[in-house]
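Chemist: Just my_file-v8.cif, nothing more (mmCIF, C-alpha atoms and all ligand atoms):
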```cif
data_start
#
loop_
_atom_site.label_atom_id
_atom_site.label_comp_id
_atom_site.auth_asym_id
_atom_site.auth_seq_id
_atom_site.Cartn_x
_atom_site.Cartn_y
_atom_site.Cartn_z
CA MET A 1 0.00 0.00 0.00
CA PRO A 2 1.32 3.53 -0.73
CA GLY A 3 2.80 5.46 2.21
CA GLY A 4 1.25 8.47 3.96
CA ALA A 5 -2.41 8.06 4.77
CA ALA A 6 -2.50 4.39 3.73
CA TRP A 7 -5.72 3.89 5.70
CA LYS A 8 -7.50 5.80 2.91
CA ASP A 9 -6.72 2.96 0.50
CA ALA A 10 -7.97 0.21 2.81
CA VAL A 11 -10.80 -1.67 1.13
CA SER A 12 -11.55 -3.94 4.09
CA LEU A 13 -10.97 -4.14 7.81
CA HIS A 14 -8.31 -6.76 7.08
CA ASP A 15 -6.25 -4.10 5.26
CA LEU A 16 -6.40 -1.91 8.37
CA GLU A 17 -5.18 -4.82 10.48
CA ALA A 18 -2.14 -5.21 8.21
CA LEU A 19 -1.39 -1.49 8.55
CA ALA A 20 -1.70 -1.69 12.34
CA ARG A 21 0.67 -4.62 12.51
CA ALA A 22 3.28 -2.49 10.74
CA ALA A 23 2.57 0.61 12.85
CA MET A 24 2.37 -0.82 16.37
CA ASP A 25 4.98 -2.13 18.80
CA PRO A 26 4.89 -5.93 18.54
CA GLU A 27 3.88 -6.32 22.18
CA ALA A 28 1.03 -3.82 21.86
CA PHE A 29 -0.13 -5.47 18.64
CA ASP A 30 -0.10 -8.89 20.31
CA PHE A 31 -2.04 -7.50 23.28
CA VAL A 32 -4.78 -6.36 20.90
CA ALA A 33 -4.71 -9.26 18.46
CA GLY A 34 -4.26 -12.13 20.89
CA GLY A 35 -6.73 -14.34 22.69
CA ALA A 36 -6.65 -16.88 25.49
CA GLY A 37 -4.90 -20.24 25.34
CA ASP A 38 -4.81 -21.85 21.91
CA GLU A 39 -7.07 -19.06 20.59
CA VAL A 40 -9.71 -21.61 19.59
CA THR A 41 -12.55 -19.29 20.59
CA LEU A 42 -10.85 -16.30 18.98
CA ARG A 43 -10.82 -18.17 15.65
CA GLU A 44 -14.29 -19.64 16.19
CA ASN A 45 -15.86 -16.19 16.53
CA ALA A 46 -14.91 -15.45 12.92
CA ALA A 47 -15.40 -19.03 11.71
CA ALA A 48 -19.00 -19.02 12.97
CA PHE A 49 -19.77 -16.13 10.63
CA ALA A 50 -17.92 -17.82 7.76
CA ARG A 51 -20.08 -20.96 8.22
CA ARG A 52 -23.34 -19.02 7.66
CA ARG A 53 -24.65 -18.28 4.17
CA LEU A 54 -26.69 -15.27 3.15
CA TRP A 55 -29.70 -16.37 1.06
CA PRO A 56 -30.76 -13.70 -1.42
CA ARG A 57 -34.05 -13.02 -3.17
CA VAL A 58 -33.75 -11.60 -6.68
CA LEU A 59 -35.66 -9.12 -8.84
CA THR A 60 -36.74 -7.16 -5.78
CA GLY A 61 -36.04 -3.76 -7.34
CA VAL A 62 -34.16 -2.75 -4.17
CA VAL A 63 -31.56 -0.05 -4.88
CA GLU A 64 -31.69 2.33 -1.92
CA VAL A 65 -31.09 0.69 1.43
CA ASP A 66 -31.53 2.15 4.88
CA THR A 67 -29.26 0.85 7.66
CA SER A 68 -30.64 3.09 10.39
CA ALA A 69 -31.73 1.51 13.65
CA THR A 70 -32.04 2.25 17.35
CA MET A 71 -29.86 1.05 20.21
CA LEU A 72 -31.45 1.39 23.66
CA GLY A 73 -33.95 3.68 21.99
CA ALA A 74 -31.39 6.09 20.51
CA PRO A 75 -31.19 6.46 16.73
CA VAL A 76 -28.00 5.20 15.07
CA SER A 77 -26.92 5.32 11.42
CA MET A 78 -26.26 1.58 11.61
CA PRO A 79 -26.45 -0.83 14.54
CA VAL A 80 -22.67 -1.23 14.83
CA GLY A 81 -21.00 0.14 17.95
CA LEU A 82 -17.41 0.37 19.12
CA ALA A 83 -16.86 -2.18 21.91
CA PRO A 84 -15.14 -1.16 25.15
CA ALA A 85 -11.42 -1.76 24.92
CA ALA A 86 -8.73 -0.95 27.45
CA LEU A 87 -5.66 1.22 26.86
CA GLN A 88 -6.47 2.79 23.49
CA GLY A 89 -3.46 5.07 23.93
CA LEU A 90 -1.41 2.04 22.88
CA ALA A 91 -2.92 2.35 19.40
CA HIS A 92 -2.81 6.15 19.09
CA PRO A 93 -1.96 9.06 21.41
CA ASP A 94 -5.52 10.44 21.06
CA GLY A 95 -6.85 6.97 21.98
CA GLU A 96 -10.39 6.96 23.32
CA ILE A 97 -10.99 10.60 22.37
CA ALA A 98 -10.28 9.92 18.68
CA ALA A 99 -12.37 6.75 18.68
CA ALA A 100 -15.32 8.44 20.40
CA GLN A 101 -15.20 11.33 17.94
CA ALA A 102 -15.10 8.97 14.96
CA ALA A 103 -18.12 7.10 16.34
CA ALA A 104 -20.00 10.37 16.87
CA SER A 105 -19.34 11.57 13.34
CA ALA A 106 -20.46 8.20 11.93
CA GLY A 107 -23.60 8.26 14.10
CA VAL A 108 -22.82 5.08 16.03
CA VAL A 109 -22.40 4.26 19.73
CA TYR A 110 -19.00 4.40 21.42
CA CYS A 111 -18.49 2.37 24.58
CA LEU A 112 -15.74 3.69 26.85
CA SER A 113 -13.76 1.15 28.91
CA THR A 114 -13.22 1.55 32.66
CA VAL A 115 -9.51 1.25 31.90
CA SER A 116 -9.13 4.09 29.45
CA THR A 117 -5.96 6.06 28.95
CA HIS A 118 -7.90 9.34 28.71
CA PRO A 119 -10.15 10.08 31.69
CA ILE A 120 -13.94 9.76 31.49
CA GLU A 121 -14.44 13.54 31.65
CA ALA A 122 -12.07 14.23 28.74
CA VAL A 123 -13.86 11.72 26.53
CA GLY A 124 -17.29 13.01 27.53
CA ALA A 125 -16.27 16.59 26.77
CA ALA A 126 -14.81 15.65 23.38
CA THR A 127 -17.91 14.03 21.92
CA ASP A 128 -21.51 15.04 21.33
CA GLY A 129 -22.40 11.53 20.19
CA ALA A 130 -24.10 8.76 22.15
CA TRP A 131 -21.56 6.95 24.33
CA TRP A 132 -21.92 4.26 26.95
CA PHE A 133 -19.66 3.59 29.92
CA GLN A 134 -18.30 0.09 30.55
CA LEU A 135 -17.86 -0.76 34.22
CA TYR A 136 -15.65 -3.27 35.98
CA ILE A 137 -16.74 -3.53 39.63
CA GLN A 138 -13.88 -2.70 41.99
CA LYS A 139 -13.39 -4.20 45.46
CA ASP A 140 -13.71 -0.62 46.69
CA ARG A 141 -17.43 -0.06 46.14
CA ALA A 142 -17.09 3.69 46.79
CA LEU A 143 -14.60 3.88 43.91
CA THR A 144 -16.97 1.84 41.72
CA GLU A 145 -19.87 4.12 42.55
CA ASP A 146 -17.69 7.13 41.84
CA LEU A 147 -16.84 5.78 38.36
CA VAL A 148 -20.54 5.46 37.53
CA ARG A 149 -21.31 8.95 38.88
CA ARG A 150 -18.43 10.47 36.90
CA ALA A 151 -19.61 8.76 33.70
CA GLU A 152 -23.18 9.87 34.27
CA ALA A 153 -22.07 13.45 34.95
CA ALA A 154 -19.93 13.37 31.79
CA GLY A 155 -22.97 12.44 29.70
CA CYS A 156 -22.90 8.68 29.15
CA ARG A 157 -26.23 7.14 28.09
CA ALA A 158 -25.88 3.62 29.51
CA VAL A 159 -23.79 1.57 31.92
CA VAL A 160 -22.32 -1.61 30.45
CA LEU A 161 -21.35 -4.02 33.21
CA THR A 162 -18.78 -6.54 32.03
CA VAL A 163 -19.20 -9.83 33.87
CA ASP A 164 -16.79 -12.22 32.18
CA LEU A 165 -13.53 -11.03 33.73
CA PRO A 166 -13.34 -12.12 37.38
CA VAL A 167 -9.69 -12.76 36.51
CA THR A 168 -7.72 -12.20 33.31
CA GLY A 169 -7.85 -15.08 30.85
CA TYR A 170 -4.69 -17.14 30.36
CA ARG A 171 -3.27 -15.31 27.37
CA ASP A 172 -0.15 -16.90 25.92
CA ARG A 173 0.86 -13.96 23.76
CA GLU A 174 0.77 -11.47 26.65
CA LEU A 175 2.65 -13.85 28.91
CA ARG A 176 5.28 -14.58 26.27
CA GLN A 177 5.82 -10.85 25.66
CA GLY A 178 5.79 -10.09 29.37
CA PHE A 179 3.08 -7.57 28.57
CA ALA A 180 1.53 -6.02 31.67
CA GLY A 181 -0.19 -2.98 30.17
CA ARG A 182 1.89 -0.37 31.95
CA TRP A 183 0.55 3.09 31.30
CA ASP A 184 1.55 6.45 32.64
CA GLY A 185 -1.43 7.12 34.89
CA LEU A 186 -4.63 5.23 34.05
CA GLY A 187 -7.13 8.00 33.39
CA ASN A 188 -9.90 6.88 35.73
CA PHE A 189 -7.82 5.60 38.65
CA ASP A 190 -6.27 8.78 39.97
CA ARG A 191 -6.12 7.39 43.51
CA PRO A 192 -3.11 6.74 45.70
CA GLY A 193 -1.72 3.30 45.00
CA LEU A 194 -3.81 2.70 41.88
CA GLY A 195 -2.87 5.32 39.29
CA ASP A 196 0.58 3.91 38.65
CA LEU A 197 -0.34 0.24 38.39
CA SER A 198 -0.14 -1.69 35.15
CA LEU A 199 -3.40 -3.07 33.78
CA ARG A 200 -2.47 -6.55 34.95
CA GLU A 201 -1.67 -5.30 38.47
CA LEU A 202 -4.84 -3.22 38.60
CA ILE A 203 -6.99 -6.21 37.69
CA ALA A 204 -5.23 -8.37 40.29
CA THR A 205 -5.45 -5.84 43.12
CA SER A 206 -8.50 -3.67 42.54
CA PHE A 207 -11.02 -5.59 40.37
CA ASP A 208 -13.46 -7.64 42.44
CA PRO A 209 -13.29 -11.33 41.44
CA ARG A 210 -16.09 -12.45 43.80
CA LEU A 211 -19.09 -11.01 42.04
CA THR A 212 -22.57 -12.50 42.00
CA TRP A 213 -25.91 -11.47 40.53
CA ASP A 214 -26.60 -9.40 43.65
CA ASP A 215 -23.82 -7.08 42.49
CA VAL A 216 -25.66 -6.61 39.21
CA GLY A 217 -28.68 -5.50 41.22
CA TRP A 218 -26.45 -3.11 43.17
CA VAL A 219 -25.08 -1.52 39.97
CA ARG A 220 -28.65 -1.27 38.69
CA SER A 221 -29.52 0.76 41.81
CA LEU A 222 -26.70 3.28 41.30
CA SER A 223 -28.28 5.26 38.50
CA ALA A 224 -31.36 5.55 36.34
CA LEU A 225 -29.32 4.89 33.22
CA PRO A 226 -30.10 1.71 31.27
CA LEU A 227 -27.95 -1.23 32.35
CA VAL A 228 -26.35 -3.53 29.78
CA VAL A 229 -24.77 -6.82 30.94
CA LYS A 230 -21.82 -7.75 28.72
CA GLY A 231 -20.32 -11.22 28.54
CA ILE A 232 -23.42 -13.44 28.44
CA LEU A 233 -23.21 -16.81 26.65
CA THR A 234 -26.14 -18.84 27.98
CA PRO A 235 -29.92 -18.40 27.83
CA ASP A 236 -30.13 -18.91 31.62
CA ASP A 237 -27.73 -16.04 32.33
CA ALA A 238 -29.60 -13.82 29.87
CA GLU A 239 -32.81 -14.53 31.79
CA LEU A 240 -31.07 -13.67 35.06
CA ALA A 241 -29.88 -10.40 33.53
CA ALA A 242 -33.49 -9.59 32.72
CA ALA A 243 -34.59 -10.53 36.23
CA TYR A 244 -31.93 -8.23 37.74
CA GLY A 245 -33.13 -5.24 35.76
CA ALA A 246 -30.88 -5.12 32.70
CA SER A 247 -32.18 -3.42 29.57
CA ALA A 248 -29.86 -5.35 27.27
CA VAL A 249 -27.21 -8.04 27.16
CA VAL A 250 -24.15 -8.35 24.97
CA VAL A 251 -23.62 -11.94 23.87
CA SER A 252 -19.84 -11.97 24.07
CA ASN A 253 -16.84 -14.09 24.99
CA HIS A 254 -14.65 -10.99 25.29
CA GLY A 255 -13.27 -11.57 21.81
CA GLY A 256 -11.85 -14.97 22.81
CA ARG A 257 -9.63 -13.35 25.45
CA GLN A 258 -11.11 -15.00 28.53
CA LEU A 259 -12.18 -18.67 28.57
CA ASP A 260 -10.64 -20.42 25.59
CA ARG A 261 -12.85 -23.12 24.03
CA CYS A 262 -16.09 -21.45 25.04
CA PRO A 263 -18.54 -21.12 22.12
CA ALA A 264 -18.47 -18.49 19.42
CA SER A 265 -20.84 -15.63 20.23
CA LEU A 266 -22.77 -16.17 17.00
CA ASP A 267 -23.34 -19.85 17.77
CA VAL A 268 -25.24 -19.09 21.00
CA LEU A 269 -27.00 -15.92 19.84
CA GLU A 270 -30.25 -17.49 18.70
CA ASP A 271 -30.77 -19.47 21.93
CA VAL A 272 -30.27 -16.29 23.95
CA VAL A 273 -32.65 -14.31 21.73
CA THR A 274 -35.30 -17.03 22.07
CA ALA A 275 -34.90 -17.20 25.86
CA VAL A 276 -35.33 -13.48 26.48
CA GLY A 277 -38.24 -13.26 24.05
CA GLY A 278 -38.14 -9.51 23.55
CA ARG A 279 -37.73 -8.59 27.25
CA LEU A 280 -34.21 -7.33 26.56
CA GLU A 281 -32.27 -5.97 23.64
CA VAL A 282 -29.66 -8.52 22.59
CA TYR A 283 -26.34 -7.34 21.17
CA LEU A 284 -23.41 -9.42 19.98
CA ASP A 285 -19.68 -8.95 19.68
CA GLY A 286 -16.82 -11.18 18.56
CA GLY A 287 -15.60 -11.79 15.04
CA VAL A 288 -17.60 -9.13 13.19
CA ARG A 289 -15.32 -8.12 10.30
CA ARG A 290 -17.64 -7.50 7.33
CA GLY A 291 -20.90 -5.73 6.60
CA GLY A 292 -22.27 -9.15 5.71
CA ASP A 293 -21.42 -10.35 9.23
CA VAL A 294 -23.54 -7.54 10.66
CA VAL A 295 -26.45 -8.61 8.46
CA ILE A 296 -26.07 -12.25 9.56
CA ALA A 297 -26.11 -11.29 13.26
CA LEU A 298 -29.19 -9.14 12.76
CA ALA A 299 -30.94 -11.91 10.80
CA LEU A 300 -30.27 -14.28 13.72
CA GLY A 301 -31.95 -11.88 16.12
CA ALA A 302 -29.34 -9.39 17.36
CA GLN A 303 -30.49 -5.81 17.79
CA GLY A 304 -26.98 -4.67 16.93
CA VAL A 305 -23.32 -5.64 17.07
CA PHE A 306 -20.06 -4.22 18.40
CA ILE A 307 -16.59 -4.41 16.92
CA GLY A 308 -13.44 -4.52 19.04
CA ARG A 309 -10.08 -5.22 17.42
CA PRO A 310 -10.94 -3.80 13.97
CA TYR A 311 -11.34 -0.25 15.25
CA LEU A 312 -8.24 -0.50 17.43
CA TYR A 313 -6.31 -1.45 14.28
CA ALA A 314 -7.93 1.45 12.44
CA LEU A 315 -6.96 3.77 15.30
CA ALA A 316 -3.34 2.64 15.03
CA ALA A 317 -3.39 3.00 11.25
CA GLY A 318 -4.99 6.43 11.02
CA GLY A 319 -6.27 7.83 14.33
CA GLU A 320 -9.78 9.29 14.22
CA ASP A 321 -9.78 9.26 10.39
CA GLY A 322 -8.78 5.62 10.38
CA VAL A 323 -11.69 4.69 12.66
CA ARG A 324 -14.06 6.71 10.47
CA ARG A 325 -12.75 4.75 7.48
CA ALA A 326 -13.37 1.44 9.27
CA LEU A 327 -16.97 2.43 10.00
CA GLU A 328 -17.45 3.68 6.44
CA LEU A 329 -16.20 0.34 5.07
CA LEU A 330 -18.67 -1.57 7.25
CA SER A 331 -21.47 0.72 6.14
CA VAL A 332 -20.63 0.35 2.45
CA GLU A 333 -20.36 -3.43 2.78
CA MET A 334 -23.62 -3.63 4.71
CA ARG A 335 -25.48 -1.62 2.08
CA ASN A 336 -24.02 -3.76 -0.66
CA ALA A 337 -25.05 -6.98 1.09
CA MET A 338 -28.57 -5.66 1.78
CA THR A 339 -29.02 -4.56 -1.84
CA LEU A 340 -27.93 -7.97 -3.09
CA LEU A 341 -30.16 -9.70 -0.52
CA GLY A 342 -33.14 -7.62 -1.58
CA THR A 343 -33.75 -6.08 1.85
CA PRO A 344 -34.38 -2.33 1.73
CA ASP A 345 -34.15 -1.79 5.49
CA LEU A 346 -33.19 -3.68 8.63
CA GLY A 347 -36.80 -4.50 9.45
CA SER A 348 -36.92 -6.64 6.33
CA VAL A 349 -33.81 -8.66 7.28
CA THR A 350 -35.19 -11.90 8.75
CA ARG A 351 -34.16 -15.40 9.78
CA SER A 352 -35.03 -16.57 6.26
CA HIS A 353 -32.04 -14.65 4.88
CA VAL A 354 -29.47 -16.93 6.53
CA VAL A 355 -28.82 -20.64 5.94
C1 LIG A 401 -7.28 -4.93 23.32
C2 LIG A 401 -8.65 -5.24 23.88
C3 LIG A 401 -9.01 -4.70 25.11
C4 LIG A 401 -10.29 -4.97 25.63
N1 LIG A 401 -10.65 -4.37 26.80
C5 LIG A 401 -11.92 -4.52 27.24
C6 LIG A 401 -12.38 -3.79 28.37
O1 LIG A 401 -11.65 -2.98 28.94
N2 LIG A 401 -13.65 -4.01 28.78
C7 LIG A 401 -14.50 -4.89 28.15
O2 LIG A 401 -15.65 -5.05 28.56
N3 LIG A 401 -14.09 -5.58 27.07
C8 LIG A 401 -12.84 -5.41 26.59
N4 LIG A 401 -12.45 -6.07 25.45
C9 LIG A 401 -13.40 -6.96 24.75
C10 LIG A 401 -14.21 -6.16 23.71
O3 LIG A 401 -15.12 -5.28 24.32
C11 LIG A 401 -15.02 -7.09 22.80
O4 LIG A 401 -15.80 -7.97 23.59
C12 LIG A 401 -14.19 -7.91 21.81
O5 LIG A 401 -13.05 -7.20 21.37
C13 LIG A 401 -15.06 -8.26 20.60
O6 LIG A 401 -14.39 -9.12 19.73
P1 LIG A 401 -13.64 -8.63 18.39
O7 LIG A 401 -12.35 -8.03 18.83
O8 LIG A 401 -13.48 -9.91 17.65
O9 LIG A 401 -14.52 -7.65 17.64
C14 LIG A 401 -11.19 -5.82 24.91
C15 LIG A 401 -10.79 -6.34 23.68
C16 LIG A 401 -9.54 -6.07 23.15
C17 LIG A 401 -9.19 -6.63 21.81
#
```
Translate this structure into structure tokens?
Modeler:
Amino acid sequence: MPGGAAWKDAVSLHDLEALARAAMDPEAFDFVAGGAGDEVTLRENAAAFARRRLWPRVLTGVVEVDTSATMLGAPVSMPVGLAPAALQGLAHPDGEIAAAQAAASAGVVYCLSTVSTHPIEAVGAATDGAWWFQLYIQKDRALTEDLVRRAEAAGCRAVVLTVDLPVTGYRDRELRQGFAGRWDGLGNFDRPGLGDLSLRELIATSFDPRLTWDDVGWVRSLSALPLVVKGILTPDDAELAAAYGASAVVVSNHGGRQLDRCPASLDVLEDVVTAVGGRLEVYLDGGVRRGGDVVIALALGAQGVFIGRPYLYALAAGGEDGVRRALELLSVEMRNAMTLLGTPDLGSVTRSHVV
């Protein structure tokens, strides 16, 4: 690819990944790209999409397609959000601020991680788009409560409680590289003894590993914002999320970074959708790399999807512009797939479009 702004010439998210690999420190790239153990689940997330086939109708006269949707009631240009991801300063100095601004200009949701390199307030002030705040519950409940209050004051529209990281997954690539995620002052942990810890140390010392569903109820009680429970893989847990007051779940295995050999998100999506029967919005992340993948997830019952690694690669390749390009590529691919399927809008994408 030509030098300079090579992200402009990317024709797929895979091109952006190749650019990021060249641009990033190897240990930072491996932190982003890697998964747990043998990376079976990491590969399965993508393989599950590759196993599905889109089943088109012809001669439908569909030319103009509309990808607009709502997520937790808010209008979005397409139901594709940016998943919470730690330490975005590793990809680009503007990190979370650049990613949030790209999401806002594309009209999609940005989800800010608890472990951001830029503080909550700076991200909130930099964007006028819809953003959600992802929470990891800390042993110090006052600190946890403070994080939620800060996010609410900074303008977030939902709290996303991640429940699949009581401990960090066993990640070979990080261990081999000796990667600890050391950052000069984690933006949201400006407290004595915490601000200077690496990500790995912070998780080990401050994150609460002993959580139960009662803690979900406690987070629910902290604010009137909608609560999203992220990291659900079974119908039973989705039903519990509904019972504990969640407005949505994210069917997710943390991008294959936690329990290796757990199922691909897409493979359990339909069972979760059936179990909650419309009581909750159901989102999915893990392995979404093409506009056609988005259409498949929606056809199988997701209200929307999130991407993780692809936008981190785009951030490394081109900052805010790179992330905008990634979202534009997904939008173009989605429209192309919908036109060829014969579905003019997302309401007309149904189970019958996937075999
Ligand atoms: C580098 C990296 C950091 C992540 N950090 C977080 C995090 O702080 N909180 C969280 O809930 N999920 C985190 N995730 C998981 C993502 O939110 C998401 O579930 C996953 O990346 C989706 O899979 P994909 O990368 O295949 O799109 C992280 C993922 C990556 C790749």
Chemist: Taking a cut-off of 9 Å and counting all atoms listed in the file, can you build a table that, for each residue of segment 72-153 of chain A near segment 195-217 of chain A, reports the nearest atom pair and how far apart they are in Å (one decimal), sorted by chain then residue number, as a tab-separated table?
Modeler:
```
residue	atom	partner	partner_atom	distance
A:Ala86	CA	A:Leu199	CA	8.5
A:Leu87	CA	A:Leu199	CA	8.4
A:Val115	CA	A:Leu199	CA	7.7
A:Tyr136	CA	A:Phe207	CA	6.8
A:Ile137	CA	A:Asp208	CA	6.0
A:Gln138	CA	A:Phe207	CA	4.4
A:Lys139	CA	A:Asp208	CA	4.6
A:Asp140	CA	A:Ser206	CA	7.3
```
Chemist: Measuring atom to atom with all atoms listed in the file, identify which of A:Thr60, A:Gln101, A:Ser116, A:Thr343 is nearest to ligand LIG 401 (chain A).
Modeler: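 So, comparing all the options, the nearest one is A:Ser116.
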Chemist: Excluding same-chain residues fewer than 5 positions from segment 18-31 of chain A, what lies within 7 Å of it counting only C-alpha atoms, as number ranges by chain?
Modeler: A: 90-91, 173-174, 177, 179, 313-314, 316-317
Chemist: Set the distance at 8 Å and use only C-alpha atoms: which residues neighbour segment 148-158 of chain A once local chain neighbours fewer than 6 positions away are removed? I'd like the list as a list of chain:residue names.
Modeler: A:Ile120, A:Glu121, A:Gly124, A:Ala125, A:Ala130, A:Trp131, A:Trp132, A:Phe133, A:Leu135, A:Leu222, A:Ser223, A:Leu225, A:Pro226, A:Leu227, A:Val228
Chemist: Using all atoms listed in the file, pick whichever of A:Gly187, A:Gly286, A:Gly193, A:Gly231 has the shortest atom-to-atom distance to ligand LIG 401 (chain A).
Modeler: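 When distances to ligand LIG 401 (chain A) are compared using all atoms listed in the file, the smallest one comes from A:Gly286.
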Chemist: I'd like to know which of A:Leu82, A:Gly95, A:Leu259, A:Val251 is closest to Val167 of chain A, using all atoms listed in the file.
Modeler: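 Ranking A:Leu82, A:Gly95, A:Leu259, A:Val251 by distance to Val167 of chain A, first place goes to A:Leu259.
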Chemist: Could you give me, as a PyMOL selection string, the residues within 12 Å of segment 36-50 of chain A, counting only C-alpha atoms and dropping anything in the same chain fewer than 4 positions from it?
Modeler: chain A and resi 30-32+54+168-176+251-269+284-300+307+309+354-355
Chemist: Can you measure atom O4 of ligand LIG 401 (chain A) to atom CA of Pro84 of chain A for me? One decimal in Å is fine.
Modeler: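 Atom CA of Pro84 of chain A lies at a distance of 7.0 Å from atom O4 of ligand LIG 401 (chain A).
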Chemist: Counting only C-alpha atoms, figure out which residue out of A:Ala246, A:Ala337, A:Ala224, A:Cys111 gets nearest to Ala85 of chain A.
Modeler: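 Selected residue with least distance to Ala85 of chain A: A:Cys111.
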Chemist: Could you check the closest approach to Leu186 of chain A for each of A:Gly347, A:Gly245, A:Ser113, A:Glu270 and tell me which residue wins, using all atoms listed in the file?
Modeler: A:Ser113
Chemist: For the point (-14.3, 1.1, 1.6) in the file's frame, write as a ChimeraX atom specification all residues with an atom no more than 12 Å away, counting all atoms listed in the file.
Modeler: /A:7-16,290-291,322-336
